[in-house]
>>> print(open('protein13.cif').read())   # mmCIF, C-alpha atoms
data_target
loop_
_atom_site.label_atom_id
_atom_site.label_comp_id
_atom_site.auth_asym_id
_atom_site.auth_seq_id
_atom_site.Cartn_x
_atom_site.Cartn_y
_atom_site.Cartn_z
CA MET A 1 50.93 7.91 -91.29
CA ALA A 2 47.56 6.23 -91.32
CA SER A 3 46.29 8.48 -88.56
CA THR A 4 47.40 11.53 -90.55
CA ASP A 5 45.49 10.32 -93.62
CA THR A 6 42.40 9.72 -91.50
CA HIS A 7 42.63 13.24 -90.08
CA LYS A 8 42.84 14.66 -93.59
CA ARG A 9 39.81 12.70 -94.72
CA LYS A 10 37.78 14.08 -91.80
CA ALA A 11 38.97 17.62 -92.35
CA TYR A 12 38.18 17.64 -96.06
CA ARG A 13 35.05 15.48 -96.09
CA ALA A 14 32.95 16.17 -99.18
CA PRO A 15 29.89 18.33 -98.50
CA ASP A 16 27.58 15.69 -99.94
CA LYS A 17 28.78 13.10 -97.37
CA PRO A 18 28.36 14.75 -93.97
CA SER A 19 29.46 12.83 -90.89
CA LEU A 20 25.98 13.22 -89.39
CA GLU A 21 22.84 13.37 -91.51
CA ILE A 22 20.15 15.95 -90.80
CA ALA A 23 17.70 13.15 -89.99
CA ASP A 24 19.96 12.08 -87.10
CA TYR A 25 19.33 15.34 -85.21
CA THR A 26 16.54 14.14 -82.93
CA GLY A 27 15.76 14.86 -79.30
CA TRP A 28 18.30 17.10 -77.61
CA ARG A 29 20.55 16.79 -80.67
CA SER A 30 18.09 19.05 -82.50
CA LEU A 31 19.87 21.94 -80.79
CA LEU A 32 22.96 21.03 -82.82
CA ASN A 33 21.12 20.86 -86.13
CA PRO A 34 23.03 23.23 -88.49
CA LEU A 35 19.91 23.95 -90.52
CA TRP A 36 18.01 24.95 -87.38
CA CYS A 37 20.90 27.19 -86.40
CA TYR A 38 21.08 28.70 -89.88
CA HIS A 39 17.40 29.60 -89.97
CA GLY A 40 17.23 30.34 -86.24
CA PHE A 41 19.99 32.94 -86.54
CA ARG A 42 18.20 34.74 -89.35
CA MET A 43 14.87 34.69 -87.53
CA ALA A 44 16.46 36.03 -84.34
CA VAL A 45 18.04 38.93 -86.26
CA VAL A 46 14.71 39.76 -87.93
CA GLY A 47 12.86 39.48 -84.61
CA LEU A 48 15.27 41.76 -82.75
CA THR A 49 15.32 44.33 -85.56
CA CYS A 50 11.53 44.50 -85.87
CA PHE A 51 11.04 44.62 -82.11
CA GLY A 52 13.73 47.29 -81.94
CA LEU A 53 11.88 49.48 -84.45
CA ILE A 54 8.72 49.24 -82.35
CA MET A 55 10.55 50.12 -79.13
CA VAL A 56 12.55 52.95 -80.71
CA PHE A 57 9.28 54.50 -81.89
CA SER A 58 7.59 54.00 -78.53
CA SER A 59 10.50 55.34 -76.46
CA SER A 60 11.26 58.37 -78.66
CA THR A 61 7.84 59.91 -79.35
CA VAL A 62 7.84 62.15 -76.28
CA THR A 63 11.40 63.34 -76.85
CA MET A 64 10.69 64.16 -80.49
CA ALA A 65 7.50 66.02 -79.60
CA ALA A 66 9.34 67.99 -76.91
CA LEU A 67 11.85 69.08 -79.55
CA GLY A 68 9.02 70.24 -81.81
CA LYS A 69 9.59 67.43 -84.30
CA SER A 70 7.37 64.72 -85.68
CA PRO A 71 6.96 61.79 -83.25
CA PHE A 72 7.60 59.50 -86.23
CA LEU A 73 11.00 61.07 -87.02
CA GLN A 74 13.13 58.65 -85.02
CA LEU A 75 11.21 55.67 -86.42
CA LEU A 76 11.70 56.88 -90.00
CA ASN A 77 15.41 57.48 -89.40
CA GLN A 78 15.86 54.05 -87.83
CA GLY A 79 13.92 52.45 -90.66
CA ALA A 80 16.21 54.11 -93.20
CA PHE A 81 19.27 52.82 -91.33
CA CYS A 82 17.75 49.34 -91.36
CA LEU A 83 17.31 49.48 -95.13
CA ILE A 84 20.93 50.55 -95.61
CA GLY A 85 22.07 47.80 -93.25
CA LEU A 86 19.99 45.19 -95.09
CA VAL A 87 21.49 46.20 -98.43
CA LEU A 88 25.04 46.03 -97.05
CA GLY A 89 24.19 42.77 -95.28
CA PHE A 90 23.02 41.27 -98.57
CA VAL A 91 26.25 42.39 -100.25
CA ALA A 92 28.30 40.87 -97.40
CA LEU A 93 26.29 37.66 -97.69
CA MET A 94 27.25 37.30 -101.37
CA MET A 95 30.99 37.80 -100.85
CA PRO A 96 33.12 34.61 -100.85
CA VAL A 97 35.29 33.71 -97.87
CA THR A 98 38.45 34.49 -99.84
CA PHE A 99 37.29 38.09 -100.24
CA TRP A 100 37.23 38.66 -96.48
CA LYS A 101 40.58 36.93 -96.00
CA ARG A 102 42.28 39.13 -98.57
CA THR A 103 40.68 42.49 -97.77
CA GLY A 104 40.51 42.37 -93.96
CA VAL A 105 43.65 44.46 -93.51
CA PHE A 106 42.24 47.20 -95.76
CA PHE A 107 39.07 47.31 -93.65
CA VAL A 108 41.12 47.77 -90.47
CA VAL A 109 43.37 50.45 -91.94
CA GLY A 110 40.29 52.27 -93.23
CA ALA A 111 38.63 52.02 -89.82
CA CYS A 112 41.73 53.43 -88.13
CA LEU A 113 41.83 56.36 -90.57
CA LEU A 114 38.14 57.11 -89.96
CA GLN A 115 38.67 56.92 -86.21
CA ALA A 116 41.66 59.26 -86.48
CA LEU A 117 39.40 61.84 -88.18
CA THR A 118 37.47 62.19 -84.92
CA PHE A 119 40.47 64.17 -83.60
CA THR A 120 40.13 66.70 -86.41
CA PRO A 121 37.55 69.51 -86.69
CA LEU A 122 35.19 66.89 -88.14
CA GLY A 123 35.09 65.20 -84.74
CA HIS A 124 31.93 65.54 -82.70
CA ASP A 125 31.41 65.08 -78.95
CA VAL A 126 28.44 63.10 -77.62
CA TYR A 127 28.06 62.68 -73.84
CA GLY A 128 31.72 63.56 -73.37
CA ASN A 129 33.02 60.99 -75.89
CA ARG A 130 34.72 62.31 -79.01
CA GLY A 131 33.92 59.32 -81.16
CA TRP A 132 31.65 60.73 -83.87
CA LEU A 133 32.22 62.38 -87.23
CA ASP A 134 29.91 65.26 -88.16
CA LEU A 135 29.24 65.06 -91.90
CA GLY A 136 26.75 67.92 -91.89
CA PHE A 137 23.68 65.92 -92.88
CA THR A 138 24.35 63.17 -90.31
CA THR A 139 26.89 61.87 -87.80
CA ILE A 140 28.64 58.50 -87.91
CA GLN A 141 30.55 56.52 -85.29
CA PRO A 142 33.69 55.00 -86.86
CA ALA A 143 34.20 52.69 -83.88
CA GLU A 144 31.25 50.58 -85.08
CA PHE A 145 33.09 50.00 -88.35
CA MET A 146 36.21 49.20 -86.32
CA LYS A 147 34.41 46.29 -84.59
CA PHE A 148 33.40 44.80 -87.93
CA ALA A 149 36.88 45.28 -89.38
CA MET A 150 38.56 43.60 -86.41
CA CYS A 151 36.25 40.60 -86.70
CA ILE A 152 37.24 39.88 -90.30
CA TRP A 153 40.93 40.86 -90.12
CA LEU A 154 42.21 39.43 -86.83
CA PRO A 155 41.34 35.77 -87.60
CA SER A 156 43.20 35.68 -90.93
CA SER A 157 46.17 37.69 -89.66
CA LEU A 158 46.61 35.72 -86.44
CA HIS A 159 46.15 32.38 -88.19
CA ALA A 160 48.93 33.26 -90.63
CA CYS A 161 51.18 34.40 -87.76
CA SER A 162 50.56 31.22 -85.76
CA LYS A 163 52.16 29.18 -88.55
CA MET A 164 55.40 31.18 -88.18
CA TYR A 165 55.49 31.14 -84.37
CA HIS A 166 57.75 28.08 -84.11
CA LYS A 167 60.37 29.89 -86.25
CA LYS A 168 60.13 33.51 -85.08
CA GLY A 169 58.62 33.20 -81.61
CA ILE A 170 56.48 36.02 -80.29
CA LYS A 171 57.88 38.32 -83.01
CA ALA A 172 55.65 36.50 -85.48
CA TYR A 173 52.66 38.30 -83.95
CA ALA A 174 54.29 41.75 -83.95
CA ALA A 175 52.47 43.23 -86.96
CA PRO A 176 48.89 42.30 -85.93
CA LEU A 177 49.58 43.26 -82.32
CA VAL A 178 50.74 46.75 -83.33
CA LEU A 179 47.82 47.39 -85.69
CA TYR A 180 45.32 46.02 -83.18
CA ALA A 181 46.80 48.21 -80.42
CA ILE A 182 46.58 51.27 -82.68
CA GLY A 183 42.89 50.62 -83.34
CA VAL A 184 42.07 50.22 -79.65
CA ALA A 185 44.19 53.26 -78.71
CA LEU A 186 42.40 55.47 -81.26
CA VAL A 187 39.04 54.50 -79.76
CA MET A 188 40.35 55.06 -76.24
CA GLY A 189 41.70 58.45 -77.31
CA GLY A 190 38.10 59.54 -77.84
CA ARG A 191 37.30 58.53 -74.23
CA ASP A 192 34.97 55.74 -75.38
CA LEU A 193 35.79 53.11 -72.76
CA GLY A 194 32.70 50.99 -73.53
CA THR A 195 33.56 50.48 -77.21
CA ALA A 196 37.21 49.88 -76.37
CA MET A 197 36.15 47.10 -74.02
CA ILE A 198 34.18 45.43 -76.81
CA LEU A 199 37.27 45.59 -79.04
CA VAL A 200 39.29 44.01 -76.23
CA PHE A 201 36.71 41.20 -76.00
CA ILE A 202 36.94 40.61 -79.76
CA GLY A 203 40.72 40.56 -79.67
CA GLY A 204 40.79 38.32 -76.60
CA VAL A 205 38.63 35.69 -78.30
CA ALA A 206 40.68 35.81 -81.52
CA PHE A 207 44.02 35.48 -79.69
CA LEU A 208 42.67 32.71 -77.47
CA ILE A 209 41.27 30.61 -80.33
CA VAL A 210 44.40 30.93 -82.48
CA GLY A 211 46.50 29.50 -79.65
CA PHE A 212 48.40 32.65 -78.66
CA PRO A 213 51.12 31.76 -76.10
CA GLY A 214 49.61 31.54 -72.63
CA LYS A 215 52.22 33.59 -70.79
CA TRP A 216 51.91 36.44 -73.28
CA MET A 217 48.14 36.16 -73.11
CA GLY A 218 48.41 36.65 -69.36
CA VAL A 219 50.61 39.70 -69.87
CA GLY A 220 48.01 41.13 -72.25
CA VAL A 221 45.15 40.53 -69.81
CA LEU A 222 47.13 42.15 -66.99
CA GLY A 223 47.97 45.10 -69.20
CA ALA A 224 44.30 45.55 -70.16
CA VAL A 225 43.25 45.48 -66.50
CA VAL A 226 45.90 48.05 -65.57
CA MET A 227 44.90 50.25 -68.52
CA VAL A 228 41.20 50.17 -67.62
CA GLY A 229 42.01 50.90 -63.98
CA ALA A 230 44.24 53.83 -64.91
CA LEU A 231 41.61 55.27 -67.24
CA ALA A 232 38.94 54.92 -64.55
CA VAL A 233 41.05 56.69 -61.93
CA SER A 234 42.23 59.42 -64.31
CA SER A 235 38.67 60.52 -65.15
CA PRO A 236 36.70 62.00 -62.23
CA ASN A 237 33.40 61.53 -64.06
CA ARG A 238 34.18 57.91 -64.90
CA LEU A 239 35.30 57.23 -61.34
CA ARG A 240 32.09 58.71 -59.95
CA ARG A 241 30.07 56.42 -62.22
CA ILE A 242 31.94 53.37 -60.96
CA LEU A 243 31.58 54.36 -57.31
CA ALA A 244 27.90 55.11 -57.83
CA THR A 245 27.32 51.66 -59.34
CA TYR A 246 29.09 49.67 -56.64
CA GLY A 247 28.41 52.00 -53.71
CA ASP A 248 25.52 53.98 -52.28
CA CYS A 249 24.21 57.05 -54.02
CA SER A 250 23.98 60.10 -51.83
CA ALA A 251 21.13 62.59 -52.11
CA ALA A 252 23.33 64.83 -54.24
CA ASP A 253 24.41 61.98 -56.53
CA ALA A 254 20.79 60.93 -57.04
CA GLN A 255 20.31 64.09 -59.08
CA SER A 256 23.58 63.81 -61.00
CA VAL A 257 25.75 60.76 -61.64
CA CYS A 258 23.21 58.26 -60.27
CA TYR A 259 20.18 59.84 -61.91
CA GLN A 260 20.15 57.74 -65.10
CA SER A 261 20.77 54.44 -63.33
CA ILE A 262 18.09 55.12 -60.70
CA HIS A 263 15.42 55.93 -63.27
CA ALA A 264 16.39 52.87 -65.34
CA LYS A 265 15.70 50.72 -62.28
CA TYR A 266 12.42 52.57 -61.68
CA ALA A 267 11.36 51.71 -65.22
CA ILE A 268 12.19 48.01 -64.95
CA ALA A 269 10.65 47.70 -61.48
CA SER A 270 7.38 49.30 -62.56
CA GLY A 271 7.03 46.91 -65.52
CA GLY A 272 6.26 43.86 -63.43
CA PHE A 273 5.57 40.60 -65.23
CA LEU A 274 3.65 41.77 -68.31
CA GLY A 275 4.55 45.47 -68.36
CA LEU A 276 2.47 48.60 -68.66
CA GLY A 277 1.82 48.08 -72.36
CA ILE A 278 3.56 49.39 -75.49
CA GLY A 279 3.54 53.18 -75.42
CA ASN A 280 2.63 53.49 -71.74
CA SER A 281 6.09 54.12 -70.27
CA ARG A 282 6.29 56.87 -67.68
CA GLU A 283 10.08 57.19 -67.62
CA LYS A 284 10.27 58.15 -71.30
CA TRP A 285 8.57 61.44 -70.40
CA ASN A 286 11.99 63.09 -70.16
CA TYR A 287 12.85 61.34 -66.88
CA LEU A 288 15.23 58.74 -68.32
CA PRO A 289 18.00 60.15 -70.56
CA ALA A 290 18.85 58.18 -73.74
CA ALA A 291 15.62 56.19 -73.40
CA HIS A 292 15.70 55.20 -77.08
CA ASN A 293 19.47 54.70 -77.22
CA ASP A 294 21.65 53.05 -74.61
CA PHE A 295 18.85 52.64 -72.04
CA ILE A 296 16.16 51.24 -74.30
CA PHE A 297 16.18 47.97 -72.35
CA ALA A 298 14.74 49.88 -69.38
CA ILE A 299 11.78 50.98 -71.51
CA ILE A 300 11.40 47.41 -72.78
CA GLY A 301 11.18 46.25 -69.17
CA GLU A 302 8.68 48.96 -68.28
CA GLU A 303 6.36 48.49 -71.26
CA THR A 304 6.63 44.72 -71.85
CA GLY A 305 7.68 43.54 -68.39
CA PHE A 306 9.61 40.42 -67.52
CA VAL A 307 8.15 38.60 -70.52
CA GLY A 308 9.47 41.14 -73.03
CA CYS A 309 12.91 41.21 -71.40
CA ALA A 310 13.04 37.41 -71.41
CA ILE A 311 12.19 37.31 -75.12
CA VAL A 312 15.01 39.74 -75.91
CA LEU A 313 17.44 37.64 -73.88
CA LEU A 314 16.21 34.52 -75.66
CA PHE A 315 16.85 36.08 -79.07
CA PHE A 316 20.43 36.93 -78.10
CA ALA A 317 20.91 33.44 -76.66
CA ILE A 318 19.79 32.01 -80.01
CA LEU A 319 22.27 34.24 -81.85
CA ALA A 320 25.12 33.12 -79.60
CA TRP A 321 24.20 29.43 -79.71
CA CYS A 322 23.79 29.33 -83.49
CA MET A 323 27.11 31.05 -84.20
CA ILE A 324 28.98 28.83 -81.72
CA VAL A 325 27.41 25.61 -83.04
CA ILE A 326 28.26 26.41 -86.66
CA ALA A 327 31.77 27.56 -85.66
CA LEU A 328 32.39 24.15 -84.11
CA GLN A 329 31.15 22.34 -87.23
CA VAL A 330 32.86 24.17 -90.09
CA THR A 331 36.21 22.90 -91.37
CA ASP A 332 37.59 26.34 -92.32
CA ARG A 333 39.31 27.72 -89.22
CA TYR A 334 39.04 31.29 -90.48
CA VAL A 335 35.25 30.97 -90.75
CA ALA A 336 35.08 29.51 -87.25
CA MET A 337 37.14 32.35 -85.78
CA VAL A 338 35.11 35.06 -87.51
CA LEU A 339 31.87 33.53 -86.23
CA MET A 340 33.23 33.49 -82.67
CA CYS A 341 34.48 37.09 -82.94
CA VAL A 342 31.11 38.33 -84.22
CA ALA A 343 29.37 36.36 -81.45
CA ILE A 344 31.42 38.03 -78.72
CA TRP A 345 30.83 41.42 -80.35
CA ILE A 346 27.06 41.21 -80.82
CA VAL A 347 26.06 39.13 -77.80
CA GLY A 348 28.80 40.44 -75.52
CA GLN A 349 27.80 44.02 -76.25
CA ALA A 350 24.15 43.19 -75.60
CA MET A 351 25.05 41.70 -72.21
CA VAL A 352 27.12 44.77 -71.32
CA ASN A 353 24.24 47.06 -72.33
CA ILE A 354 21.76 45.08 -70.23
CA GLY A 355 24.23 44.93 -67.35
CA VAL A 356 24.51 48.72 -67.38
CA VAL A 357 20.73 49.15 -67.34
CA VAL A 358 20.18 46.77 -64.41
CA GLY A 359 23.12 48.21 -62.46
CA VAL A 360 25.66 45.39 -62.79
CA PHE A 361 28.10 47.62 -64.71
CA PRO A 362 28.71 51.38 -64.57
CA VAL A 363 27.34 53.50 -67.42
CA LEU A 364 29.56 52.75 -70.44
CA GLY A 365 27.58 54.12 -73.37
CA VAL A 366 27.23 51.04 -75.59
CA PRO A 367 24.00 50.45 -77.56
CA MET A 368 22.02 47.22 -77.72
CA PRO A 369 22.67 45.60 -81.12
CA PHE A 370 19.69 45.59 -83.52
CA VAL A 371 17.49 47.30 -80.91
CA SER A 372 18.87 50.69 -79.81
CA ALA A 373 18.44 53.76 -81.98
CA GLY A 374 21.57 54.66 -83.88
CA GLY A 375 22.57 54.52 -87.51
CA SER A 376 26.19 53.36 -87.30
CA SER A 377 25.38 50.52 -84.90
CA MET A 378 22.33 49.30 -86.82
CA ILE A 379 24.06 49.39 -90.19
CA MET A 380 27.17 47.54 -89.05
CA CYS A 381 25.22 44.97 -87.01
CA LEU A 382 23.06 44.08 -90.01
CA THR A 383 26.16 43.98 -92.22
CA ALA A 384 27.77 41.60 -89.72
CA ALA A 385 24.60 39.49 -89.73
CA GLY A 386 24.85 39.21 -93.52
CA LEU A 387 28.50 38.21 -93.17
CA VAL A 388 27.58 35.50 -90.65
CA VAL A 389 24.83 34.07 -92.87
CA GLY A 390 27.24 33.96 -95.79
CA LEU A 391 29.89 32.18 -93.74
CA MET A 392 27.34 29.73 -92.34
CA ARG A 393 26.60 28.61 -95.89
CA SER A 394 30.07 27.06 -96.05
CA GLN A 395 28.94 24.44 -93.52
CA PRO A 396 28.53 21.19 -95.53
CA GLN A 397 24.95 20.34 -94.54
CA ILE A 398 23.72 23.90 -94.98
CA LYS A 399 25.46 24.09 -98.35
CA GLN A 400 23.97 20.76 -99.41
CA SER A 401 20.48 21.82 -98.31
CA ARG A 402 20.66 25.04 -100.32
CA GLN A 403 21.89 23.21 -103.41
CA SER A 404 19.06 20.69 -103.26
CA ALA A 405 16.37 23.31 -102.59
#
>>> encode(input="protein13.cif", output="C-alpha cells")
Amino acid sequence: MASTDTHKRKAYRAPDKPSLEIADYTGWRSLLNPLWCYHGFRMAVVGLTCFGLIMVFSSSTVTMAALGKSPFLQLLNQGAFCLIGLVLGFVALMMPVTFWKRTGVFFVVGACLLQALTFTPLGHDVYGNRGWLDLGFTTIQPAEFMKFAMCIWLPSSLHACSKMYHKKGIKAYAAPLVLYAIGVALVMGGRDLGTAMILVFIGGVAFLIVGFPGKWMGVGVLGAVVMVGALAVSSPNRLRRILATYGDCSAADAQSVCYQSIHAKYAIASGGFLGLGIGNSREKWNYLPAAHNDFIFAIIGEETGFVGCAIVLLFFAILAWCMIVIALQVTDRYVAMVLMCVAIWIVGQAMVNIGVVVGVFPVLGVPMPFVSAGGSSMIMCLTAAGLVVGLMRSQPQIKQSRQSA
C-alpha cells in the first residue's frame, strides 16, 4: 500500500515542486533540460521554415519563369501558406489538452470524409496519385489533415481501450482499429503509398506505446508488409521505381523511371562541402523534376553543400530529441503519446524524403516538412508545431517558468 501511495505522489507531483530543478541540468544533463527543449523546438521550427522559404524561392524561379509567371510567385504562395499555418498553430497552442481528447474523433471522421471526396469529380490527380481536391482557386491534400487527426485521436482512443482490454480482450480495440484502417485504406485508394506509410508509422508508434498485445502487433506488422508488397507488385510503375532504386538503371531507364533519382544525385554530388551558392543550382534549370517540392533536399545539397544538408539534419534531430525528452517527462500519458506520434510523423517523413533523394528509398512522393513547397503540408506541419508547443507547456518546469516570467 505504501508503494502505491509513493507512486501516486510521484505521478501527481505539484508543478512548483519538480523532482529535478532547472539548476541541476549541468554538463551532459543540459540535453535533458525541458526549458532548452521547449525553446529549442520552437527555434528549430522557425529555422526550418525560414530556410525552406529561401530554398523554395531559389529552386522555383526558373520553373516559374519558364511558365511565363513571376519568379516570386512560388515564394509569395509559400509565404501565404506559412501565415495561415502560423495562425492555426497559434490557435492550436491555446487549446487545452481536454479539447484534443474530446474532439479527436471528429477530426478523424472529418479527415476521412475529405479523403473520400478525392474519389468524386472534385478529386485531382498529381503524378498519378489521386489524393488532391480541386477547389477551383487552389488544391488541397486531405491526407495531410489525416496525419494530424490521427496524431490527436489515436492516443486518447487507444488509451481508453487499453483499460478495457482485461475484460473484453482484443475486441476492446475493435472500434479504433476499424476507423484507423478506413483512414489508411482511403489514402491507399488514391495510390499514395508514401503518405500511407507515414500513417502506418504513426499508428505503429501509438499502438506500441499503449501496450497493444504483442502477438496482434506482430500480425499487424506482417499484414502491413504483405499489403505494401502486394501494392508494389500490382503497380508496374511502382515496381519499376523499386527495381530502379535497388538495381542498375539501364540506358532506357535513365531517361524514364531513373531520371529523377539520377539528377538528384547529380545535384548533391556537385554541391561538395560548401555548395555552389544560393541561387546557383544547375539542376533546377528544368533538369530535376519537383525541384521545389519533394526533391528540394537535392537543391539544398547542390547550393549549400554538405554544410547546409547537415544543418537541416541537425534541425530535425533537435525536433525529435525535444519531443521525445518532453514526452518522457510529462505525467499525462495522452500528451506523451501525442508528442511521440507527431515526432514520428514530422521527423520520420523528413527521413523518408531525404532517403528518397539520396537513393535509399524508391520515389514515394512525400514532402519535407516545413521546407518543401506545398500548402497543405506547410499549414498542417505548423499547426502540429503549435499543438506540440501547447502540450509541452503542461510539463511542470516549463509551466512553472512561464508562470514566473
>>> residues_near_point(input="protein13.cif", point="(3.1, 45.7, -69.7)", cutoff="10 Å", atoms="all atoms listed in the file", output="PyMOL selection string")
chain A and resi 270-281+300-308
>>> closest_residue(input="protein13.cif", among="A:Val200, A:Leu328, A:Ala172, A:Leu313", to="Cys151 (chain A)", atoms="only C-alpha atoms")
A:Val200
>>> atom_distance(input="protein13.cif", atom1="CA of Ala350 (chain A)", atom2="CA of Met368 (chain A)")
5.0 Å
>>> residues_around(input="protein13.cif", residues="region 26-38 of chain A", least_positions_apart="3", cutoff="9 Å", atoms="all atoms listed in the file", output="PyMOL selection string")
chain A and resi 22-23+41-43+318-319+321-323+325-326+329+389+392-393+395+397-398+401
>>> atom_distance(input="protein13.cif", atom1="CA of Val358 (chain A)", atom2="CA of Cys258 (chain A)")
12.6 Å
>>> closest_residue(input="protein13.cif", among="A:His263, A:Gly79, A:Val356, A:Thr120", to="Asn286 (chain A)", atoms="all atoms listed in the file")
A:His263
>>> closest_atom_pairs(input="protein13.cif", of="region 89-200 of chain A", to="region 331-337 of chain A", cutoff="9 Å", atoms="all atoms listed in the file", output="Markdown table")
| residue | atom | partner | partner_atom | distance |
| --- | --- | --- | --- | --- |
| A:Val97 | CA | A:Val335 | CA | 7.6 |
| A:Lys101 | CA | A:Tyr334 | CA | 8.0 |
| A:Cys151 | CA | A:Met337 | CA | 8.3 |
| A:Ile152 | CA | A:Tyr334 | CA | 8.8 |
| A:Leu154 | CA | A:Met337 | CA | 8.8 |
| A:Pro155 | CA | A:Met337 | CA | 5.7 |
| A:Ser156 | CA | A:Tyr334 | CA | 6.1 |
| A:His159 | CA | A:Tyr334 | CA | 7.5 |
